[in-house]
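A.B. asks: File name query_37.csv; file contents CSV, C-alpha atoms; full text below.
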```csv
chain,number,residue,atom,x,y,z
U,1,MET,CA,0.0,0.0,0.0
U,2,THR,CA,1.1,3.6,-0.7
U,3,THR,CA,0.1,7.2,0.0
U,4,ALA,CA,-2.7,8.6,-2.1
U,5,VAL,CA,-3.2,12.2,-3.2
U,6,PHE,CA,-6.8,13.2,-3.6
U,7,HIS,CA,-7.6,16.1,-5.9
U,8,HIS,CA,-10.3,17.5,-8.1
U,9,PRO,CA,-10.4,19.9,-11.1
U,10,SER,CA,-13.1,22.0,-9.3
U,11,SER,CA,-10.3,23.3,-7.1
U,12,LEU,CA,-9.2,25.3,-10.2
U,13,GLN,CA,-12.6,26.9,-10.7
U,14,HIS,CA,-13.0,28.4,-7.2
U,15,ASP,CA,-12.2,32.0,-8.1
U,16,THR,CA,-11.4,34.4,-5.2
U,17,GLY,CA,-10.5,37.3,-7.4
U,18,ILE,CA,-7.4,39.3,-8.3
U,19,GLY,CA,-4.9,39.7,-5.4
U,20,HIS,CA,-6.6,37.3,-3.0
U,21,PRO,CA,-3.9,35.1,-1.2
U,22,GLU,CA,-6.1,31.9,-1.4
U,23,ARG,CA,-5.8,31.6,-5.1
U,24,VAL,CA,-5.9,28.9,-7.7
U,25,GLU,CA,-2.1,28.9,-8.2
U,26,ARG,CA,-1.8,27.3,-4.8
U,27,VAL,CA,-3.1,23.9,-5.9
U,28,GLN,CA,-1.5,24.2,-9.3
U,29,VAL,CA,2.0,24.4,-7.7
U,30,VAL,CA,1.2,21.7,-5.2
U,31,TRP,CA,0.0,19.3,-7.8
U,32,ARG,CA,3.0,20.0,-10.0
U,33,ALA,CA,5.4,19.5,-7.1
U,34,LEU,CA,3.8,16.3,-5.9
U,35,ARG,CA,4.0,14.8,-9.4
U,36,SER,CA,7.8,14.7,-8.9
U,37,ILE,CA,7.3,12.1,-6.1
U,38,GLU,CA,7.4,8.5,-7.3
U,39,GLY,CA,5.1,6.0,-5.8
U,40,LEU,CA,2.1,8.1,-5.0
U,41,GLU,CA,-1.4,7.1,-6.1
U,42,TRP,CA,-3.5,9.9,-7.6
U,43,ARG,CA,-7.3,9.8,-7.0
U,44,GLU,CA,-10.0,12.1,-8.1
U,45,ALA,CA,-12.2,13.2,-5.1
U,46,PRO,CA,-15.9,12.7,-5.1
U,47,SER,CA,-18.4,15.2,-4.0
U,48,ALA,CA,-19.4,15.1,-0.3
U,49,THR,CA,-23.0,14.3,0.3
U,50,PRO,CA,-25.3,16.6,2.2
U,51,GLU,CA,-25.4,14.0,5.0
U,52,GLN,CA,-21.6,14.1,5.3
U,53,ILE,CA,-21.5,17.9,5.4
U,54,MET,CA,-24.3,18.2,7.9
U,55,ARG,CA,-22.6,16.0,10.4
U,56,VAL,CA,-20.6,19.2,11.1
U,57,HIS,CA,-22.6,22.1,9.6
U,58,THR,CA,-26.1,23.4,9.8
U,59,SER,CA,-28.5,22.9,7.0
U,60,ALA,CA,-28.9,26.7,6.9
U,61,LEU,CA,-25.2,27.1,6.1
U,62,TYR,CA,-25.2,24.4,3.5
U,63,ASP,CA,-28.3,25.9,1.8
U,64,MET,CA,-26.9,29.4,1.9
U,65,ILE,CA,-23.6,28.4,0.2
U,66,SER,CA,-25.4,26.3,-2.4
U,67,VAL,CA,-27.3,29.3,-3.7
U,68,PHE,CA,-24.9,32.2,-2.9
U,69,GLY,CA,-23.4,32.5,-6.3
U,70,GLU,CA,-20.7,35.1,-6.7
U,71,GLY,CA,-19.5,37.6,-4.1
U,72,ALA,CA,-18.0,38.1,-0.7
U,73,LEU,CA,-19.3,36.5,2.5
U,74,ASP,CA,-16.9,38.7,4.5
U,75,ALA,CA,-13.7,40.6,3.9
U,76,ASP,CA,-11.7,37.4,3.5
U,77,THR,CA,-14.1,34.8,2.2
U,78,VAL,CA,-15.0,35.2,-1.5
U,79,LEU,CA,-17.1,32.9,-3.7
U,80,SER,CA,-17.6,32.4,-7.4
U,81,GLU,CA,-20.3,30.4,-9.1
U,82,PRO,CA,-18.2,27.1,-9.0
U,83,SER,CA,-17.2,27.6,-5.3
U,84,PHE,CA,-20.0,25.4,-3.9
U,85,THR,CA,-18.9,22.5,-6.1
U,86,ALA,CA,-15.3,23.0,-5.2
U,87,ALA,CA,-16.1,23.0,-1.5
U,88,LEU,CA,-18.1,19.8,-1.8
U,89,HIS,CA,-15.2,18.1,-3.5
U,90,ALA,CA,-12.7,19.4,-0.9
U,91,ALA,CA,-14.8,17.9,1.9
U,92,GLY,CA,-15.5,14.8,-0.3
U,93,ALA,CA,-11.7,14.3,-0.7
U,94,VAL,CA,-11.2,13.8,3.0
U,95,CYS,CA,-14.2,11.5,3.3
U,96,ALA,CA,-13.0,9.4,0.4
U,97,ALA,CA,-9.5,9.3,1.8
U,98,VAL,CA,-11.0,8.0,5.1
U,99,GLU,CA,-12.9,5.3,3.2
U,100,ALA,CA,-9.9,4.2,1.2
U,101,VAL,CA,-7.7,3.9,4.3
U,102,HIS,CA,-10.6,2.0,6.1
U,103,ALA,CA,-10.9,-0.4,3.1
U,104,GLY,CA,-7.1,-1.1,3.2
U,105,GLN,CA,-6.7,0.3,-0.3
U,106,ILE,CA,-4.0,2.8,0.7
U,107,LYS,CA,-1.7,3.4,3.6
U,108,ASN,CA,-2.5,7.1,4.2
U,109,ALA,CA,-3.5,10.1,2.2
U,110,PHE,CA,-3.0,13.8,1.4
U,111,CYS,CA,-5.9,15.9,0.1
U,112,ALA,CA,-4.6,18.6,-2.2
U,113,VAL,CA,-7.8,20.6,-2.6
U,114,ARG,CA,-9.2,24.0,-2.0
U,115,PRO,CA,-11.0,25.9,-0.5
U,116,PRO,CA,-9.4,25.1,2.9
U,117,GLY,CA,-11.6,24.4,5.8
U,118,HIS,CA,-10.4,24.7,9.4
U,119,HIS,CA,-11.9,28.2,10.1
U,120,ALA,CA,-15.4,27.1,9.0
U,121,GLU,CA,-17.7,27.0,12.0
U,122,PRO,CA,-20.8,24.8,12.1
U,123,ASP,CA,-23.0,27.7,11.2
U,124,GLN,CA,-20.5,30.1,9.5
U,125,ALA,CA,-18.1,30.2,6.6
U,126,MET,CA,-15.1,32.4,7.3
U,127,GLY,CA,-11.3,32.8,6.9
U,128,PHE,CA,-11.2,31.6,3.2
U,129,CYS,CA,-13.1,28.4,4.4
U,130,LEU,CA,-16.6,27.3,3.3
U,131,PHE,CA,-16.9,23.8,4.8
U,132,ASN,CA,-14.6,22.3,7.5
U,133,ASN,CA,-13.1,19.6,5.4
U,134,ILE,CA,-11.1,17.9,8.1
U,135,ALA,CA,-13.9,17.9,10.7
U,136,VAL,CA,-16.3,16.4,8.0
U,137,GLY,CA,-13.7,13.7,7.4
U,138,ALA,CA,-13.3,13.0,11.1
U,139,ARG,CA,-17.0,12.5,11.4
U,140,GLN,CA,-16.9,10.2,8.5
U,141,ALA,CA,-14.3,8.1,10.3
U,142,GLN,CA,-16.6,7.9,13.4
U,143,ALA,CA,-19.4,6.8,11.2
U,144,LEU,CA,-17.2,4.0,9.8
U,145,GLY,CA,-16.5,2.7,13.3
U,146,TYR,CA,-13.5,4.7,14.5
U,147,PRO,CA,-14.9,6.5,17.5
U,148,ARG,CA,-11.8,8.2,18.8
U,149,VAL,CA,-10.6,10.7,16.2
U,150,ALA,CA,-7.7,13.2,16.5
U,151,VAL,CA,-7.0,16.3,14.5
U,152,LEU,CA,-3.5,17.9,14.6
U,153,ASP,CA,-3.4,21.4,13.2
U,154,PHE,CA,0.0,23.1,12.5
U,155,ASP,CA,-1.3,26.0,10.4
U,156,VAL,CA,-0.1,29.4,11.5
U,157,HIS,CA,-3.7,30.3,12.3
U,158,HIS,CA,-5.8,28.6,14.9
U,159,GLY,CA,-8.4,26.2,13.6
U,160,ASN,CA,-11.4,27.7,15.4
U,161,GLY,CA,-14.0,25.8,13.4
U,162,THR,CA,-12.4,22.4,14.1
U,163,GLN,CA,-12.2,23.3,17.8
U,164,THR,CA,-15.9,24.2,17.8
U,165,ALA,CA,-16.8,20.9,16.1
U,166,ALA,CA,-14.7,18.9,18.7
U,167,TRP,CA,-15.7,20.9,21.8
U,168,ASN,CA,-18.5,18.7,23.1
U,169,ASP,CA,-17.3,15.3,21.9
U,170,ALA,CA,-15.1,13.5,24.4
U,171,ASN,CA,-13.9,11.2,21.5
U,172,PHE,CA,-12.8,14.2,19.3
U,173,PHE,CA,-9.2,15.3,20.2
U,174,PHE,CA,-7.9,18.5,18.8
U,175,ALA,CA,-4.4,19.9,19.1
U,176,SER,CA,-3.1,23.1,17.5
U,177,SER,CA,0.1,25.2,17.4
U,178,HIS,CA,-0.4,28.6,16.1
U,179,GLN,CA,0.8,32.2,16.2
U,180,TRP,CA,-0.6,34.3,19.0
U,181,PRO,CA,-1.9,36.9,18.9
U,182,HIS,CA,-3.2,36.4,15.3
U,183,TYR,CA,-6.3,35.7,13.3
U,184,PRO,CA,-8.9,34.5,14.3
U,185,GLY,CA,-8.2,35.4,17.9
U,186,THR,CA,-9.0,32.0,19.4
U,187,GLY,CA,-6.7,29.2,20.6
U,188,ALA,CA,-5.7,30.2,24.1
U,189,HIS,CA,-4.3,27.6,26.5
U,190,SER,CA,-7.5,27.9,28.6
U,191,GLU,CA,-9.7,26.7,25.7
U,192,ARG,CA,-9.8,23.0,26.6
U,193,GLY,CA,-13.1,21.6,25.4
U,194,ALA,CA,-15.9,20.1,27.5
U,195,TYR,CA,-13.8,17.1,28.4
U,196,GLY,CA,-10.3,18.5,28.4
U,197,GLN,CA,-9.6,16.9,25.0
U,198,ILE,CA,-8.5,20.2,23.3
U,199,HIS,CA,-4.9,21.3,23.5
U,200,ASN,CA,-3.8,24.7,22.3
U,201,ALA,CA,-0.2,25.8,22.1
U,202,PRO,CA,-0.1,29.5,21.1
U,203,LEU,CA,3.4,30.6,20.0
U,204,PRO,CA,4.9,34.2,19.7
U,205,GLU,CA,5.7,35.7,16.4
U,206,GLY,CA,9.2,34.9,15.2
U,207,CYS,CA,9.7,32.0,17.6
U,208,GLY,CA,11.3,29.7,15.0
U,209,SER,CA,11.9,26.0,15.0
U,210,GLY,CA,13.0,25.5,18.6
U,211,PRO,CA,9.9,26.5,20.4
U,212,PHE,CA,7.6,25.0,17.7
U,213,ARG,CA,9.3,21.6,18.0
U,214,ALA,CA,9.5,21.8,21.8
U,215,VAL,CA,5.8,22.4,22.2
U,216,TRP,CA,4.9,19.5,20.0
U,217,GLN,CA,7.5,17.2,21.6
U,218,ASN,CA,6.7,18.0,25.2
U,219,GLU,CA,3.0,18.9,25.2
U,220,LEU,CA,0.9,18.1,22.1
U,221,LEU,CA,2.3,14.7,21.0
U,222,PRO,CA,2.3,13.2,24.5
U,223,ALA,CA,-1.4,14.4,24.8
U,224,LEU,CA,-2.1,12.6,21.5
U,225,GLU,CA,-0.5,9.4,22.7
U,226,GLY,CA,-2.5,9.5,25.9
U,227,PHE,CA,-5.7,10.0,23.9
U,228,ALA,CA,-5.0,6.7,21.9
U,229,PRO,CA,-6.9,7.7,18.8
U,230,ASP,CA,-8.4,5.3,16.3
U,231,PHE,CA,-7.8,7.6,13.4
U,232,ILE,CA,-5.5,10.7,13.0
U,233,PHE,CA,-6.0,13.7,10.8
U,234,MET,CA,-3.7,16.6,10.0
U,235,SER,CA,-4.8,20.1,9.1
U,236,ALA,CA,-1.7,20.7,7.0
U,237,GLY,CA,-1.2,24.5,6.8
U,238,PHE,CA,2.2,25.7,5.7
U,239,ASP,CA,1.8,29.4,6.4
U,240,ALA,CA,4.0,29.2,9.5
U,241,HIS,CA,6.9,29.0,7.0
U,242,LEU,CA,9.4,31.8,7.3
U,243,ALA,CA,8.7,32.9,3.7
U,244,ASP,CA,5.0,33.1,4.1
U,245,PRO,CA,3.4,36.6,3.8
U,246,LEU,CA,0.5,35.9,6.2
U,247,GLY,CA,2.4,34.4,9.1
U,248,GLY,CA,5.3,35.1,11.2
U,249,LEU,CA,6.4,32.0,13.2
U,250,GLY,CA,9.6,31.6,11.1
U,251,LEU,CA,9.5,27.8,10.5
U,252,THR,CA,11.5,25.9,7.9
U,253,THR,CA,10.4,23.2,5.5
U,254,ALA,CA,12.3,20.6,7.7
U,255,ASP,CA,10.0,21.4,10.6
U,256,PHE,CA,6.9,20.2,8.6
U,257,SER,CA,8.7,17.0,7.6
U,258,TRP,CA,9.8,16.4,11.2
U,259,LEU,CA,6.3,16.9,12.7
U,260,THR,CA,4.7,14.7,10.0
U,261,ALA,CA,7.1,11.9,10.8
U,262,GLN,CA,6.4,12.3,14.6
U,263,ILE,CA,2.7,12.1,14.1
U,264,SER,CA,3.0,9.1,11.7
U,265,GLN,CA,5.1,7.2,14.2
U,266,ILE,CA,2.4,7.6,16.9
U,267,ALA,CA,-0.2,6.6,14.3
U,268,ALA,CA,1.7,3.4,13.6
U,269,LYS,CA,1.6,2.5,17.3
U,270,SER,CA,-1.9,3.7,18.1
U,271,CYS,CA,-4.1,3.2,15.1
U,272,ALA,CA,-2.3,1.0,12.5
U,273,GLY,CA,-1.0,4.1,10.7
U,274,ARG,CA,-4.5,5.5,9.8
U,275,VAL,CA,-3.7,9.1,8.8
U,276,VAL,CA,-5.4,11.5,6.5
U,277,SER,CA,-4.0,15.0,5.9
U,278,SER,CA,-5.7,17.9,4.1
U,279,LEU,CA,-4.2,21.2,2.8
U,280,GLU,CA,-5.1,24.3,4.8
U,281,GLY,CA,-2.9,27.5,4.5
U,282,GLY,CA,0.3,28.4,2.7
U,283,TYR,CA,0.6,31.5,0.6
U,284,ASN,CA,4.2,31.8,-0.6
U,285,LEU,CA,4.0,29.5,-3.7
U,286,ALA,CA,7.6,28.3,-3.6
U,287,ALA,CA,7.5,27.6,0.2
U,288,LEU,CA,4.1,25.9,-0.2
U,289,ALA,CA,5.4,23.6,-2.9
U,290,ASP,CA,8.5,22.7,-1.0
U,291,SER,CA,6.7,22.2,2.3
U,292,THR,CA,4.0,20.0,0.8
U,293,VAL,CA,6.6,17.8,-0.9
U,294,ALA,CA,8.4,17.4,2.4
U,295,HIS,CA,5.1,16.6,4.2
U,296,VAL,CA,3.9,14.0,1.6
U,297,ARG,CA,7.4,12.4,1.4
U,298,ALA,CA,7.2,11.9,5.2
U,299,LEU,CA,3.7,10.3,4.8
U,300,LEU,CA,5.0,8.0,2.1
U,301,GLU,CA,8.1,7.0,4.1
U,302,CYS,CA,6.2,6.4,7.4
U,303,PRO,CA,5.9,2.9,8.9
```
Could you express the structure from this file as structure tokens?
C.D. replies:
Amino acid sequence: MTTAVFHHPSSLQHDTGIGHPERVERVQVVWRALRSIEGLEWREAPSATPEQIMRVHTSALYDMISVFGEGALDADTVLSEPSFTAALHAAGAVCAAVEAVHAGQIKNAFCAVRPPGHHAEPDQAMGFCLFNNIAVGARQAQALGYPRVAVLDFDVHHGNGTQTAAWNDANFFFASSHQWPHYPGTGAHSERGAYGQIHNAPLPEGCGSGPFRAVWQNELLPALEGFAPDFIFMSAGFDAHLADPLGGLGLTTADFSWLTAQISQIAAKSCAGRVVSSLEGGYNLAALADSTVAHVRALLECP
């Protein structure tokens, strides 16, 4: 078995307008870079079903996005006519990846899709995100008989929407490292969830690799091991890279490779290596391409 990359042409049709950082070129450079890795299996993502989306989101949000058309939901979140279709395929990619891992067809997966998802709240699209792809996938894993799911988020921005989705579920672990203070203003240490299953590690601007690795090594990864998940997900944002224009943590490409390997090693011991990752942020195209390749190589090489 190998690592699969889930993608869909609709990611190219989600048009956020001239000058928007979450632009079509992001997936273009990612797809091109990943084609250089031998041994990957490429799969086209299906559309998520309404039932899958509404395990996380309200029917009102689903209906609103389905008919919104073209325009801005807020200052950051812009839609075009094809955006609803792209969002369904982005969430569908994570669900399909879960199903393929469950069926033993692949070892693990990376979903190279857009729009991203981790800011999307159950009742609100925001922060470039329409549906919360990773949370929808986590609920799909639970529906397939993996009750204890864990999401690890290393985007420079806190995954507020995923945290909300996990908050009242003792079997939904969420851990995040993120720049603080920074958008969206959530992710304090004190935000622990109804059952203490949420672990936030806010980091100061410019901290660099040392504090980032230390907080994962000493806090977040031990908490993950203690949770003993049945299925692990990664919100793979690469905007903490030192070259990224929207973040300021100052990480290197090697940091993403290191963390991916650490998480994969825990997955090998805890849940037979069941890991699905999905693209979140990353807005410097060269850094995004390099970081994604490092991340996916680590998935491919994991136990």
A.B. asks: May I have the protein, DNA and RNA residues with an atom at most 9 Å from (-20.8, 17.2, 11.4), counting only C-alpha atoms in the file's coordinates, returned as a list in words?
C.D. replies: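 Those residues, ordered by chain and then number, are Glu51, Gln52, Ile53, Met54, Arg55, Val56, His57, Thr58, Pro122, Asn132, Ala135, Val136, Gly137, Ala138, Arg139, Gln140 and Ala165 of chain U.
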A.B. asks: Here is a test: counting all atoms listed in the file, which residue of U:Ser235, U:Ser264, U:Asn200, U:Thr292 is nearest to Val215 of chain U?
C.D. replies: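 Closest to Val215 of chain U of all the choices is U:Asn200.
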A.B. asks: With distances taken over only C-alpha atoms, which residue among U:Ala254, U:Val149, U:Cys111, U:Ala287 lies nearest Ala236 of chain U?
C.D. replies: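 Once distances to Ala236 of chain U are computed over only C-alpha atoms, the minimum belongs to U:Cys111.
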A.B. asks: Could you jot down the atom CA of Ala201 of chain U to atom CA of Gln179 of chain U separation for me, Å, one decimal place?
C.D. replies: 8.8 Å
A.B. asks: Determine the nearest neighbour of Leu40 of chain U from the options U:Phe6, U:Ile263, U:Ser80, U:Gly92, counting all atoms listed in the file.
C.D. replies: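 Once distances to Leu40 of chain U are computed over all atoms listed in the file, the minimum belongs to U:Phe6.
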A.B. asks: Restricting the calculation to all atoms listed in the file, which member of U:Asp244, U:Ser10, U:Arg148, U:Thr164 is positioned closest to Gly226 of chain U?
C.D. replies: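 The closest residue to Gly226 of chain U is U:Arg148.
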A.B. asks: Find the residues around Glu22 of chain U up to 10 Å (only C-alpha atoms counted), leave out those fewer than 4 positions away in its own chain, and share them as a list in words.
C.D. replies: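 Close residues of Glu22 of chain U: His14, Asp15, Thr16, Gly17, Arg26, Val27, Asp76, Thr77, Val78, Arg114, Pro115, Pro116, Gly127, Phe128, Cys129, Glu280, Gly281, Gly282 and Tyr283 of chain U.
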A.B. asks: Which residues are near Cys302 of chain U? Cut-off 7 Å, only C-alpha atoms, ignore same chain within fewer than 2 positions. Put them as an NGL selection string.
C.D. replies: :U and (261 or 264-265 or 298-300)
A.B. asks: Would you mind exporting the chosen residues as a tab-separated table (two decimals), keeping the file's coordinate frame, restricted to C-alpha atoms?
C.D. replies:
```tsv
chain	number	residue	atom	x	y	z
U	261	ALA	CA	7.10	11.90	10.80
U	264	SER	CA	3.00	9.10	11.70
U	265	GLN	CA	5.10	7.20	14.20
U	298	ALA	CA	7.20	11.90	5.20
U	299	LEU	CA	3.70	10.30	4.80
U	300	LEU	CA	5.00	8.00	2.10
```
A.B. asks: List the residues sitting within 12 Å of (-13.2, 18.2, 23.5) in the file's frame, using only C-alpha atoms, as a list of chain:residue names.
C.D. replies: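 Selection result: U:Arg148, U:Val149, U:Ala150, U:Val151, U:Thr162, U:Gln163, U:Thr164, U:Ala165, U:Ala166, U:Trp167, U:Asn168, U:Asp169, U:Ala170, U:Asn171, U:Phe172, U:Phe173, U:Phe174, U:Ala175, U:Glu191, U:Arg192, U:Gly193, U:Ala194, U:Tyr195, U:Gly196, U:Gln197, U:Ile198, U:His199, U:Asn200, U:Phe227.
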A.B. asks: Which value, in Å to one decimal, gives the distance between atom CA of Ala33 of chain U and atom CA of Asp290 of chain U?
C.D. replies: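 Separation between atom CA of Ala33 of chain U and atom CA of Asp290 of chain U: 7.6 Å.
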A.B. asks: Find the distance between atom CA of Gly208 of chain U and atom CA of Thr252 of chain U and write it in Å to one decimal.
C.D. replies: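 Pair atom CA of Gly208 of chain U / atom CA of Thr252 of chain U returns 8.1 Å.
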A.B. asks: Tell me which of U:His89, U:His20, U:His102, U:Lys107 sits closest to Tyr146 of chain U, counting all atoms listed in the file.
C.D. replies: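 Going through U:His89, U:His20, U:His102, U:Lys107 one by one, the smallest distance to Tyr146 of chain U is for U:His102.
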A.B. asks: Just want the 10 Å neighbourhood of Val276 of chain U, counted on all atoms listed in the file, with same-chain residues fewer than 3 positions away dropped. Output as a PyMOL selection string.
C.D. replies: chain U and resi 3-5+93-98+101+107-111+134+137-138+151+231-236+273+299
A.B. asks: Store the residues picked out above, limited to C-alpha atoms, as a PDB file, in the frame of the given file.
C.D. replies:
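Dumped to selection30.pdb:
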```
ATOM      1  CA  THR U   3       0.100   7.200   0.000  1.00  0.00           C
ATOM      2  CA  ALA U   4      -2.700   8.600  -2.100  1.00  0.00           C
ATOM      3  CA  VAL U   5      -3.200  12.200  -3.200  1.00  0.00           C
ATOM      4  CA  ALA U  93     -11.700  14.300  -0.700  1.00  0.00           C
ATOM      5  CA  VAL U  94     -11.200  13.800   3.000  1.00  0.00           C
ATOM      6  CA  CYS U  95     -14.200  11.500   3.300  1.00  0.00           C
ATOM      7  CA  ALA U  96     -13.000   9.400   0.400  1.00  0.00           C
ATOM      8  CA  ALA U  97      -9.500   9.300   1.800  1.00  0.00           C
ATOM      9  CA  VAL U  98     -11.000   8.000   5.100  1.00  0.00           C
ATOM     10  CA  VAL U 101      -7.700   3.900   4.300  1.00  0.00           C
ATOM     11  CA  LYS U 107      -1.700   3.400   3.600  1.00  0.00           C
ATOM     12  CA  ASN U 108      -2.500   7.100   4.200  1.00  0.00           C
ATOM     13  CA  ALA U 109      -3.500  10.100   2.200  1.00  0.00           C
ATOM     14  CA  PHE U 110      -3.000  13.800   1.400  1.00  0.00           C
ATOM     15  CA  CYS U 111      -5.900  15.900   0.100  1.00  0.00           C
ATOM     16  CA  ILE U 134     -11.100  17.900   8.100  1.00  0.00           C
ATOM     17  CA  GLY U 137     -13.700  13.700   7.400  1.00  0.00           C
ATOM     18  CA  ALA U 138     -13.300  13.000  11.100  1.00  0.00           C
ATOM     19  CA  VAL U 151      -7.000  16.300  14.500  1.00  0.00           C
ATOM     20  CA  PHE U 231      -7.800   7.600  13.400  1.00  0.00           C
ATOM     21  CA  ILE U 232      -5.500  10.700  13.000  1.00  0.00           C
ATOM     22  CA  PHE U 233      -6.000  13.700  10.800  1.00  0.00           C
ATOM     23  CA  MET U 234      -3.700  16.600  10.000  1.00  0.00           C
ATOM     24  CA  SER U 235      -4.800  20.100   9.100  1.00  0.00           C
ATOM     25  CA  ALA U 236      -1.700  20.700   7.000  1.00  0.00           C
ATOM     26  CA  GLY U 273      -1.000   4.100  10.700  1.00  0.00           C
ATOM     27  CA  LEU U 299       3.700  10.300   4.800  1.00  0.00           C
TER      28      LEU U 299
END
```
A.B. asks: Of the candidates U:Thr85, U:Ser209, U:Thr253, U:Gln142, which shows the shortest atom-to-atom distance to Ala286 of chain U, using all atoms listed in the file?
C.D. replies: U:Thr253
A.B. asks: Compile the contact shell of Leu61 of chain U as a ChimeraX atom specification: residues with an atom at most 9 Å away, counting only C-alpha atoms, same-chain residues fewer than 5 positions apart removed.
C.D. replies: /U:66,122-125
A.B. asks: Mind giving me the axis-aligned box for segment 116-122 of chain U with 6 Å on every side, centre plus edges in Å to one decimal, as JSON?
C.D. replies:
```
{"center_x": -15.1, "center_y": 26.3, "center_z": 7.5, "size_x": 23.4, "size_y": 15.8, "size_z": 21.2}
```
